[in-house]
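Content type compact mmCIF, C-alpha atoms, from the file target28.txt:
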```
# COMPACT_ATOMS: atom_id res chain seq x y z
CA MET O 243 -7.07 -139.36 110.59
CA ALA O 244 -7.53 -135.62 110.10
CA THR O 245 -5.29 -133.05 111.71
CA VAL O 246 -5.76 -129.32 112.19
CA LYS O 247 -2.86 -127.23 113.45
CA LEU O 248 -3.09 -123.72 114.76
CA SER O 249 -0.16 -121.66 115.87
CA PHE O 250 -0.63 -118.22 117.39
CA SER O 251 1.41 -115.37 118.87
CA PRO O 252 1.27 -115.58 122.67
CA ALA O 253 -1.38 -112.88 123.15
CA PRO O 254 -4.58 -113.26 125.23
CA VAL O 255 -6.75 -112.06 122.33
CA HIS O 256 -5.94 -115.20 120.31
CA VAL O 257 -7.00 -117.67 123.01
CA ARG O 258 -10.62 -117.18 121.99
CA THR O 259 -9.74 -118.06 118.40
CA ALA O 260 -8.10 -121.27 119.63
CA ARG O 261 -11.23 -122.16 121.61
CA LEU O 262 -13.48 -121.56 118.62
CA VAL O 263 -11.31 -123.65 116.29
CA GLY O 264 -10.93 -126.38 118.92
CA VAL O 265 -14.69 -126.70 119.37
CA ALA O 266 -15.38 -126.58 115.63
CA VAL O 267 -12.94 -129.43 115.00
CA ALA O 268 -14.32 -131.38 117.99
CA ARG O 269 -17.86 -131.10 116.62
CA ARG O 270 -16.67 -132.22 113.20
CA ALA O 271 -14.77 -135.14 114.77
CA GLY O 272 -17.99 -136.36 116.41
CA VAL O 273 -17.43 -135.35 120.05
CA ARG O 274 -20.81 -135.42 121.84
CA GLU O 275 -22.62 -132.08 122.02
CA ASP O 276 -22.80 -132.18 125.82
CA LEU O 277 -19.00 -132.41 126.04
CA LEU O 278 -18.33 -129.37 123.85
CA ASP O 279 -18.53 -126.85 126.72
CA GLU O 280 -15.84 -128.83 128.52
CA VAL O 281 -13.71 -129.04 125.38
CA ARG O 282 -14.03 -125.27 124.96
CA LEU O 283 -13.06 -124.58 128.55
CA ALA O 284 -10.17 -127.06 128.64
CA ILE O 285 -8.60 -125.83 125.38
CA GLY O 286 -8.99 -122.27 126.66
CA GLU O 287 -7.30 -123.11 129.96
CA ALA O 288 -4.41 -124.94 128.29
CA CYS O 289 -3.85 -122.03 125.87
CA THR O 290 -4.19 -119.42 128.64
CA ARG O 291 -1.54 -121.27 130.61
CA ALA O 292 0.79 -121.41 127.58
CA VAL O 293 0.31 -117.70 126.82
CA ALA O 294 1.01 -116.81 130.46
CA LEU O 295 4.23 -118.86 130.44
CA HIS O 296 5.45 -117.29 127.18
CA ARG O 297 4.78 -113.81 128.55
CA GLN O 298 6.40 -114.63 131.86
CA TYR O 299 9.56 -115.77 130.08
CA GLY O 300 9.46 -113.06 127.40
CA LEU O 301 9.10 -115.60 124.59
CA ALA O 302 7.72 -114.39 121.26
CA ASP O 303 7.50 -117.96 119.89
CA PRO O 304 4.02 -119.04 118.91
CA VAL O 305 1.88 -121.40 120.97
CA LEU O 306 0.98 -124.53 119.02
CA VAL O 307 -2.41 -126.24 119.15
CA GLU O 308 -2.75 -129.51 117.29
CA MET O 309 -6.09 -131.26 116.97
CA SER O 310 -6.53 -134.74 115.56
CA ASP O 311 -9.42 -137.16 115.31
CA GLY O 312 -7.96 -140.64 114.92
CA GLY O 313 -10.54 -142.73 116.78
CA SER O 314 -10.79 -140.14 119.55
CA TYR O 315 -10.41 -136.37 119.64
CA ALA O 316 -6.90 -135.46 120.79
CA VAL O 317 -5.68 -131.91 121.39
CA ARG O 318 -2.06 -130.97 122.12
CA VAL O 319 -1.20 -127.50 123.36
CA VAL O 320 2.54 -126.90 123.23
CA ASP O 321 4.45 -124.08 124.92
CA ARG O 322 8.16 -123.27 124.68
CA ALA O 323 8.79 -122.19 128.27
CA PRO O 324 11.61 -123.77 130.34
CA ILE O 325 10.47 -127.16 131.50
CA GLU O 326 10.52 -126.53 135.25
CA ALA O 327 7.91 -123.80 134.72
CA GLY O 328 5.36 -126.31 133.55
CA ILE O 329 5.68 -128.68 136.46
CA GLY O 330 4.43 -126.33 139.15
CA LEU O 331 0.85 -127.23 138.36
CA THR O 332 -1.17 -128.01 141.44
CA ALA O 333 -4.82 -127.70 142.31
CA LEU O 334 -5.41 -125.62 145.42
CA PRO O 335 -7.48 -126.77 148.40
CA PRO O 336 -10.58 -124.64 149.07
CA ASP O 337 -9.28 -123.11 152.29
CA GLU O 338 -6.32 -121.67 150.42
CA LEU O 339 -8.36 -120.12 147.62
CA ALA O 340 -9.47 -117.11 149.62
CA ASN O 341 -6.18 -116.87 151.49
CA GLU O 342 -4.96 -113.27 151.66
CA SER O 343 -1.36 -114.13 150.92
CA LEU O 344 -2.10 -116.04 147.73
CA THR O 345 -1.18 -113.99 144.67
CA ASP O 346 -3.66 -113.57 141.81
CA GLU O 347 -1.28 -115.39 139.47
CA ALA O 348 -0.92 -118.38 141.81
CA LEU O 349 -4.66 -118.50 142.30
CA THR O 350 -5.41 -118.37 138.58
CA THR O 351 -2.82 -121.08 137.87
CA GLY O 352 -4.21 -123.33 140.59
CA VAL O 353 -7.80 -122.79 139.48
CA GLY O 354 -6.83 -123.32 135.83
CA PHE O 355 -5.26 -126.64 136.66
CA ALA O 356 -8.26 -127.68 138.75
CA LEU O 357 -10.47 -126.99 135.72
CA LEU O 358 -8.22 -128.97 133.37
CA ALA O 359 -8.03 -131.91 135.75
CA GLY O 360 -11.74 -131.72 136.50
CA PHE O 361 -12.97 -131.52 132.93
CA VAL O 362 -10.51 -133.76 131.10
CA GLU O 363 -10.49 -137.40 132.09
CA ASP O 364 -7.59 -138.20 129.82
CA LEU O 365 -5.05 -135.44 130.57
CA GLN O 366 -1.26 -135.51 130.36
CA VAL O 367 1.22 -132.74 131.05
CA ARG O 368 4.71 -133.68 129.94
CA PRO O 369 7.93 -132.29 128.49
CA VAL O 370 7.95 -131.95 124.71
CA ASP O 371 9.87 -134.66 122.88
CA GLU O 372 12.26 -132.22 121.22
CA GLY O 373 13.63 -128.93 122.54
CA ILE O 374 12.29 -126.84 125.40
CA GLY O 375 8.70 -126.75 126.51
CA THR O 376 5.68 -128.57 127.85
CA GLU O 377 2.83 -130.30 126.11
CA VAL O 378 -0.67 -130.49 127.54
CA ARG O 379 -2.41 -133.42 125.90
CA MET O 380 -6.16 -133.89 126.23
CA VAL O 381 -8.26 -136.66 124.74
CA TRP O 382 -12.05 -136.95 124.44
CA PRO O 383 -14.05 -139.87 123.12
CA VAL O 384 -15.94 -139.53 119.88
CA GLY O 385 -19.35 -141.10 119.98
CA ARG O 386 -22.06 -141.25 117.39
CA MET K 134 -19.66 -112.62 122.43
CA GLU K 135 -18.03 -109.44 123.69
CA LEU K 136 -17.90 -108.68 127.41
CA SER K 137 -20.64 -106.39 128.65
CA LEU K 138 -20.68 -104.67 132.04
CA ALA K 139 -23.54 -102.68 133.54
CA ALA K 140 -23.66 -101.45 137.14
CA ARG K 141 -26.69 -100.29 139.09
CA THR K 142 -27.44 -99.48 142.70
CA VAL K 143 -30.09 -101.34 144.68
CA GLY K 144 -30.29 -99.85 148.17
CA GLU K 145 -26.90 -100.45 149.82
CA HIS K 146 -25.89 -102.88 147.14
CA THR K 147 -24.08 -102.36 143.88
CA VAL K 148 -25.12 -104.88 141.26
CA LEU K 149 -22.73 -105.48 138.38
CA GLU K 150 -24.39 -107.31 135.52
CA VAL K 151 -21.83 -109.17 133.41
CA GLY K 152 -22.52 -110.63 130.00
CA GLY K 153 -20.59 -112.42 127.27
CA GLU K 154 -17.22 -114.10 127.62
CA VAL K 155 -14.95 -113.56 130.61
CA ASP K 156 -11.54 -114.92 129.68
CA VAL K 157 -7.83 -114.09 129.73
CA TYR K 158 -8.46 -111.27 127.22
CA THR K 159 -11.54 -109.65 128.75
CA ALA K 160 -10.97 -110.34 132.48
CA PRO K 161 -8.73 -107.25 132.93
CA ARG K 162 -11.74 -105.08 132.00
CA LEU K 163 -13.88 -106.81 134.61
CA ARG K 164 -11.11 -106.29 137.19
CA GLU K 165 -10.87 -102.59 136.31
CA ARG K 166 -14.62 -102.07 136.60
CA LEU K 167 -14.78 -103.85 139.97
CA LEU K 168 -11.86 -101.80 141.29
CA GLU K 169 -13.54 -98.62 140.04
CA LEU K 170 -16.72 -99.53 141.91
CA ILE K 171 -14.87 -100.47 145.10
CA ASP K 172 -12.63 -97.41 144.98
CA GLY K 173 -15.77 -95.35 144.37
CA GLY K 174 -17.14 -96.52 147.71
CA ALA K 175 -19.15 -99.66 146.86
CA ARG K 176 -18.98 -102.00 149.88
CA HIS K 177 -21.69 -104.55 149.14
CA VAL K 178 -21.22 -105.87 145.64
CA VAL K 179 -23.31 -108.47 143.82
CA VAL K 180 -21.97 -109.72 140.49
CA ASP K 181 -24.73 -111.12 138.27
CA LEU K 182 -23.29 -113.79 135.96
CA GLY K 183 -26.71 -114.56 134.44
CA ARG K 184 -25.70 -113.49 130.95
CA VAL K 185 -22.16 -114.90 131.01
CA ASP K 186 -21.66 -117.63 128.46
CA PHE K 187 -18.02 -118.36 129.14
CA LEU K 188 -15.92 -118.03 132.31
CA ASP K 189 -12.34 -119.24 132.74
CA SER K 190 -9.72 -119.30 135.50
CA THR K 191 -8.65 -115.70 134.84
CA GLY K 192 -12.23 -114.52 135.35
CA LEU K 193 -12.50 -116.59 138.52
CA GLY K 194 -9.23 -115.04 139.73
CA VAL K 195 -10.69 -111.55 139.25
CA LEU K 196 -13.81 -112.48 141.24
CA VAL K 197 -11.71 -113.89 144.10
CA GLY K 198 -9.63 -110.69 144.06
CA ALA K 199 -12.77 -108.58 144.47
CA LEU K 200 -14.05 -110.83 147.26
CA LYS K 201 -10.78 -110.49 149.20
CA ARG K 202 -10.65 -106.73 148.70
CA LEU K 203 -14.22 -106.22 149.90
CA ARG K 204 -13.82 -108.52 152.89
CA SER K 205 -10.74 -106.69 154.05
CA ALA K 206 -12.66 -103.41 153.70
CA GLY K 207 -15.48 -104.77 155.87
CA GLY K 208 -17.79 -105.21 152.89
CA SER K 209 -19.44 -108.18 151.22
CA PHE K 210 -19.40 -109.89 147.84
CA ALA K 211 -21.88 -112.31 146.31
CA LEU K 212 -22.46 -113.94 142.94
CA VAL K 213 -25.65 -114.63 141.03
CA CYS K 214 -25.53 -117.72 138.87
CA ASP K 215 -28.12 -120.32 137.94
CA LYS K 216 -26.57 -121.90 134.87
CA GLU K 217 -25.45 -125.48 135.40
CA PRO K 218 -22.29 -125.27 133.23
CA LEU K 219 -21.05 -122.28 135.24
CA LEU K 220 -22.07 -123.84 138.57
CA LYS K 221 -20.05 -126.90 137.63
CA ILE K 222 -16.98 -124.69 137.21
CA PHE K 223 -17.45 -123.36 140.74
CA ARG K 224 -17.86 -126.89 142.11
CA ILE K 225 -14.82 -128.33 140.35
CA THR K 226 -12.57 -125.53 141.58
CA ALA K 227 -14.11 -125.66 145.10
CA LEU K 228 -14.91 -121.97 144.70
CA ASP K 229 -18.53 -122.79 145.54
CA GLN K 230 -17.19 -123.00 149.11
CA VAL K 231 -15.62 -119.55 148.83
CA PHE K 232 -18.35 -117.46 147.16
CA PRO K 233 -21.91 -116.94 148.32
CA LEU K 234 -23.79 -118.14 145.19
CA HIS K 235 -27.44 -117.26 144.61
CA PRO K 236 -29.92 -118.02 141.82
CA THR K 237 -31.27 -114.47 141.57
CA VAL K 238 -30.19 -110.91 142.37
CA ASP K 239 -33.07 -110.59 144.87
CA ALA K 240 -31.96 -113.73 146.71
CA ALA K 241 -28.35 -112.48 146.81
CA ILE K 242 -29.37 -109.10 148.21
CA SER K 243 -31.73 -110.45 150.85
CA ALA K 244 -29.24 -113.12 151.99
CA ASP K 245 -26.49 -110.52 152.16
CA SER K 246 -28.65 -108.02 154.03
CA ALA K 247 -29.72 -110.71 156.52
CA GLY K 248 -26.07 -111.71 157.00
CA ALA K 249 -24.98 -108.11 157.60
CA GLY K 250 -27.76 -107.57 160.11
CA ALA K 251 -27.05 -110.73 162.10
```
What's the structure tokens form of this structure?
Amino acid sequence: MATVKLSFSPAPVHVRTARLVGVAVARRAGVREDLLDEVRLAIGEACTRAVALHRQYGLADPVLVEMSDGGSYAVRVVDRAPIEAGIGLTALPPDELANESLTDEALTTGVGFALLAGFVEDLQVRPVDEGIGTEVRMVWPVGR
Amino acid sequence: MELSLAARTVGEHTVLEVGGEVDVYTAPRLRERLLELIDGGARHVVVDLGRVDFLDSTGLGVLVGALKRLRSAGGSFALVCDKEPLLKIFRITALDQVFPLHPTVDAAISADSAGAGA
């Protein structure tokens, strides 16, 4: 099993780097070409969410992305925000999306989660095993 | 690819052609440009996503923001998109039920003009 780890300061500019690395490792691991757009989007959404949480809580700690290809392609995106922050993930129903009272942040969070849930069949959002934070774990099949 | 933004006027409509990647880093520039256009008096805005090769939730949030702003100002907002990967993003988020989506700029403008006249 090969592992690639990337850790980056919680700044929006680095999310693109994480996407590029995530897709490069996915391709190398043997993830089907037609899934790579979804991999790119999902890793981007998970990292965007982590960066937003770190900024919201004033955390300078890096966001961790860990990619591994043991039989399938697994990506973990780990943030260090207080745990309750990570649990408020809900997809929004369509009639609420254009609702005037919905803030941009709430909308983006809801849409981001809808994309993660829609594009990743094997998705888990759970507290990290040690310390404070949440882990978004996504798995894609590798097929030859 | 870097974000590119080019606006032009077609009759009563302002068409903003967007290219490249719209993500958490570049979306603030798209928001600024849309606000500039709306504050400058644009009321019927068509955003052409034909040359966008990546769009995430932050970009979608900016587009919804522009839609809400224009609707409350009595204007209209439409999107041009014919790429399946992007259309899938709109379907999965149910935003295809929120935005008028058209395959071409011409189709967006004529649908919008017909709607405004009805």
Which residues come within 7 Å of stretch 371-374 of chain O, counting only C-alpha atoms, excluding same-chain residues fewer than 2 positions away, as a PyMOL selection string?
chain O and resi 322-325+369
Identify every residue of chain K that has at least one atom within 9 Å of any atom of chain O, counting only C-alpha atoms, and report the result as a list in words.
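Applying the cut-off to the listed atoms yields Asp156, Val157, Tyr158, Thr159, Phe187, Leu188, Asp189, Ser190, Thr191, Gly192, Leu193, Gly194, Val195, Val197, Gly198, Leu200, Lys201, Pro218, Ile222, Ile225, Thr226, Ala227, Leu228, Asp229, Gln230 and Val231 of chain K.
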For atom CA of K:Leu234 and atom CA of K:Cys214, determine how far apart the two atoms are, in Å to one decimal place.
6.6 Å
Closest of O:Gln366, O:Ser343, O:Gln298, O:Ser314 to O:Arg274 - atom-to-atom distances counting all atoms listed in the file:
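Residue with the minimum atom-to-atom distance to O:Arg274: O:Ser314.
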Gap from atom CA of O:Ala316 to atom CA of O:Arg379 - Å, one decimal
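Distance between the two atoms: 7.1 Å.
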Separation of atom CA of K:Phe223 from atom CA of K:Val185, in Å and rounded to one decimal:
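We find that atom CA of K:Phe223 and atom CA of K:Val185 lie 13.7 Å from each other.
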Find the residues with any atom within 9 Å of (-14.3, -123.6, 120.5); use only C-alpha atoms and the coordinates as given in the file, and write the answer as a PyMOL selection string.
chain O and resi 258-268+278-279+281-283+285-286
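Nearest-residue note for O:Ala244: choosing from O:Tyr299, O:Ala292, O:Asp311, O:Gly272, the minimum distance belongs to O:Asp311, counting all atoms listed in the file.
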Write out as number ranges by chain the residues lying within 12 Å of K:Glu169, counting all atoms listed in the file and excluding same-chain residues fewer than 6 positions away.
K: 140, 147, 149, 162-163, 175-176, 178, 199
Given the choices K:Ala244, K:Val155, K:Val148, K:Val143, which gets closest to K:Leu170 if the distance is worked out from all atoms listed in the file?
K:Val148
Between O:Glu377, O:Arg297, O:Asp364, O:Thr245, which is the closest to O:Arg270 once you count all atoms listed in the file?
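Checking each candidate against O:Arg270, we get O:Thr245 as the closest.
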Mind filling out stretch 280-308 of chain O with N, CA and C atoms and sending it as an mmCIF file, keeping the file's coordinate frame?
```cif
data_model
loop_
_atom_site.group_PDB
_atom_site.id
_atom_site.type_symbol
_atom_site.label_atom_id
_atom_site.label_comp_id
_atom_site.auth_asym_id
_atom_site.auth_seq_id
_atom_site.Cartn_x
_atom_site.Cartn_y
_atom_site.Cartn_z
ATOM 1 N N GLU O 280 -17.047 -128.437 127.781
ATOM 2 C CA GLU O 280 -15.840 -128.830 128.520
ATOM 3 C C GLU O 280 -14.615 -128.753 127.613
ATOM 4 N N VAL O 281 -14.807 -129.132 126.351
ATOM 5 C CA VAL O 281 -13.710 -129.040 125.380
ATOM 6 C C VAL O 281 -13.289 -127.567 125.235
ATOM 7 N N ARG O 282 -14.286 -126.702 125.126
ATOM 8 C CA ARG O 282 -14.030 -125.270 124.960
ATOM 9 C C ARG O 282 -13.248 -124.720 126.147
ATOM 10 N N LEU O 283 -13.708 -125.088 127.343
ATOM 11 C CA LEU O 283 -13.060 -124.580 128.550
ATOM 12 C C LEU O 283 -11.637 -125.130 128.684
ATOM 13 N N ALA O 284 -11.483 -126.424 128.451
ATOM 14 C CA ALA O 284 -10.170 -127.060 128.640
ATOM 15 C C ALA O 284 -9.146 -126.516 127.636
ATOM 16 N N ILE O 285 -9.539 -126.371 126.374
ATOM 17 C CA ILE O 285 -8.600 -125.830 125.380
ATOM 18 C C ILE O 285 -8.240 -124.396 125.762
ATOM 19 N N GLY O 286 -9.241 -123.647 126.217
ATOM 20 C CA GLY O 286 -8.990 -122.270 126.660
ATOM 21 C C GLY O 286 -8.002 -122.224 127.817
ATOM 22 N N GLU O 287 -8.187 -123.101 128.791
ATOM 23 C CA GLU O 287 -7.300 -123.110 129.960
ATOM 24 C C GLU O 287 -5.871 -123.486 129.558
ATOM 25 N N ALA O 288 -5.752 -124.499 128.705
ATOM 26 C CA ALA O 288 -4.410 -124.940 128.290
ATOM 27 C C ALA O 288 -3.712 -123.810 127.513
ATOM 28 N N CYS O 289 -4.450 -123.122 126.655
ATOM 29 C CA CYS O 289 -3.850 -122.030 125.870
ATOM 30 C C CYS O 289 -3.537 -120.822 126.761
ATOM 31 N N THR O 290 -4.417 -120.532 127.715
ATOM 32 C CA THR O 290 -4.190 -119.420 128.640
ATOM 33 C C THR O 290 -2.899 -119.654 129.425
ATOM 34 N N ARG O 291 -2.738 -120.902 129.861
ATOM 35 C CA ARG O 291 -1.540 -121.270 130.610
ATOM 36 C C ARG O 291 -0.295 -121.091 129.741
ATOM 37 N N ALA O 292 -0.367 -121.530 128.481
ATOM 38 C CA ALA O 292 0.790 -121.410 127.580
ATOM 39 C C ALA O 292 1.122 -119.943 127.309
ATOM 40 N N VAL O 293 0.087 -119.131 127.080
ATOM 41 C CA VAL O 293 0.310 -117.700 126.820
ATOM 42 C C VAL O 293 0.949 -117.048 128.046
ATOM 43 N N ALA O 294 0.458 -117.395 129.233
ATOM 44 C CA ALA O 294 1.010 -116.810 130.460
ATOM 45 C C ALA O 294 2.480 -117.179 130.613
ATOM 46 N N LEU O 295 2.830 -118.425 130.317
ATOM 47 C CA LEU O 295 4.230 -118.860 130.440
ATOM 48 C C LEU O 295 5.111 -118.122 129.430
ATOM 49 N N HIS O 296 4.648 -117.995 128.191
ATOM 50 C CA HIS O 296 5.450 -117.290 127.180
ATOM 51 C C HIS O 296 5.674 -115.840 127.578
ATOM 52 N N ARG O 297 4.649 -115.218 128.138
ATOM 53 C CA ARG O 297 4.780 -113.810 128.550
ATOM 54 C C ARG O 297 5.702 -113.689 129.748
ATOM 55 N N GLN O 298 5.566 -114.645 130.667
ATOM 56 C CA GLN O 298 6.400 -114.630 131.860
ATOM 57 C C GLN O 298 7.884 -114.752 131.495
ATOM 58 N N TYR O 299 8.177 -115.555 130.478
ATOM 59 C CA TYR O 299 9.560 -115.770 130.080
ATOM 60 C C TYR O 299 9.974 -114.899 128.897
ATOM 61 N N GLY O 300 9.124 -113.966 128.491
ATOM 62 C CA GLY O 300 9.460 -113.060 127.400
ATOM 63 C C GLY O 300 9.679 -113.773 126.073
ATOM 64 N N LEU O 301 8.924 -114.837 125.822
ATOM 65 C CA LEU O 301 9.100 -115.600 124.590
ATOM 66 C C LEU O 301 8.100 -115.130 123.526
ATOM 67 N N ALA O 302 8.615 -114.814 122.341
ATOM 68 C CA ALA O 302 7.720 -114.390 121.260
ATOM 69 C C ALA O 302 7.264 -115.592 120.425
ATOM 70 N N ASP O 303 7.851 -116.758 120.665
ATOM 71 C CA ASP O 303 7.500 -117.960 119.890
ATOM 72 C C ASP O 303 5.998 -118.204 119.954
ATOM 73 N N PRO O 304 5.451 -118.745 118.887
ATOM 74 C CA PRO O 304 4.020 -119.040 118.910
ATOM 75 C C PRO O 304 3.681 -120.226 119.804
ATOM 76 N N VAL O 305 2.439 -120.239 120.265
ATOM 77 C CA VAL O 305 1.880 -121.400 120.970
ATOM 78 C C VAL O 305 1.270 -122.295 119.902
ATOM 79 N N LEU O 306 1.502 -123.601 120.025
ATOM 80 C CA LEU O 306 0.980 -124.530 119.020
ATOM 81 C C LEU O 306 -0.205 -125.319 119.580
ATOM 82 N N VAL O 307 -1.254 -125.391 118.792
ATOM 83 C CA VAL O 307 -2.410 -126.240 119.150
ATOM 84 C C VAL O 307 -2.596 -127.217 118.003
ATOM 85 N N GLU O 308 -2.589 -128.499 118.333
ATOM 86 C CA GLU O 308 -2.750 -129.510 117.290
ATOM 87 C C GLU O 308 -3.935 -130.396 117.653
#
```
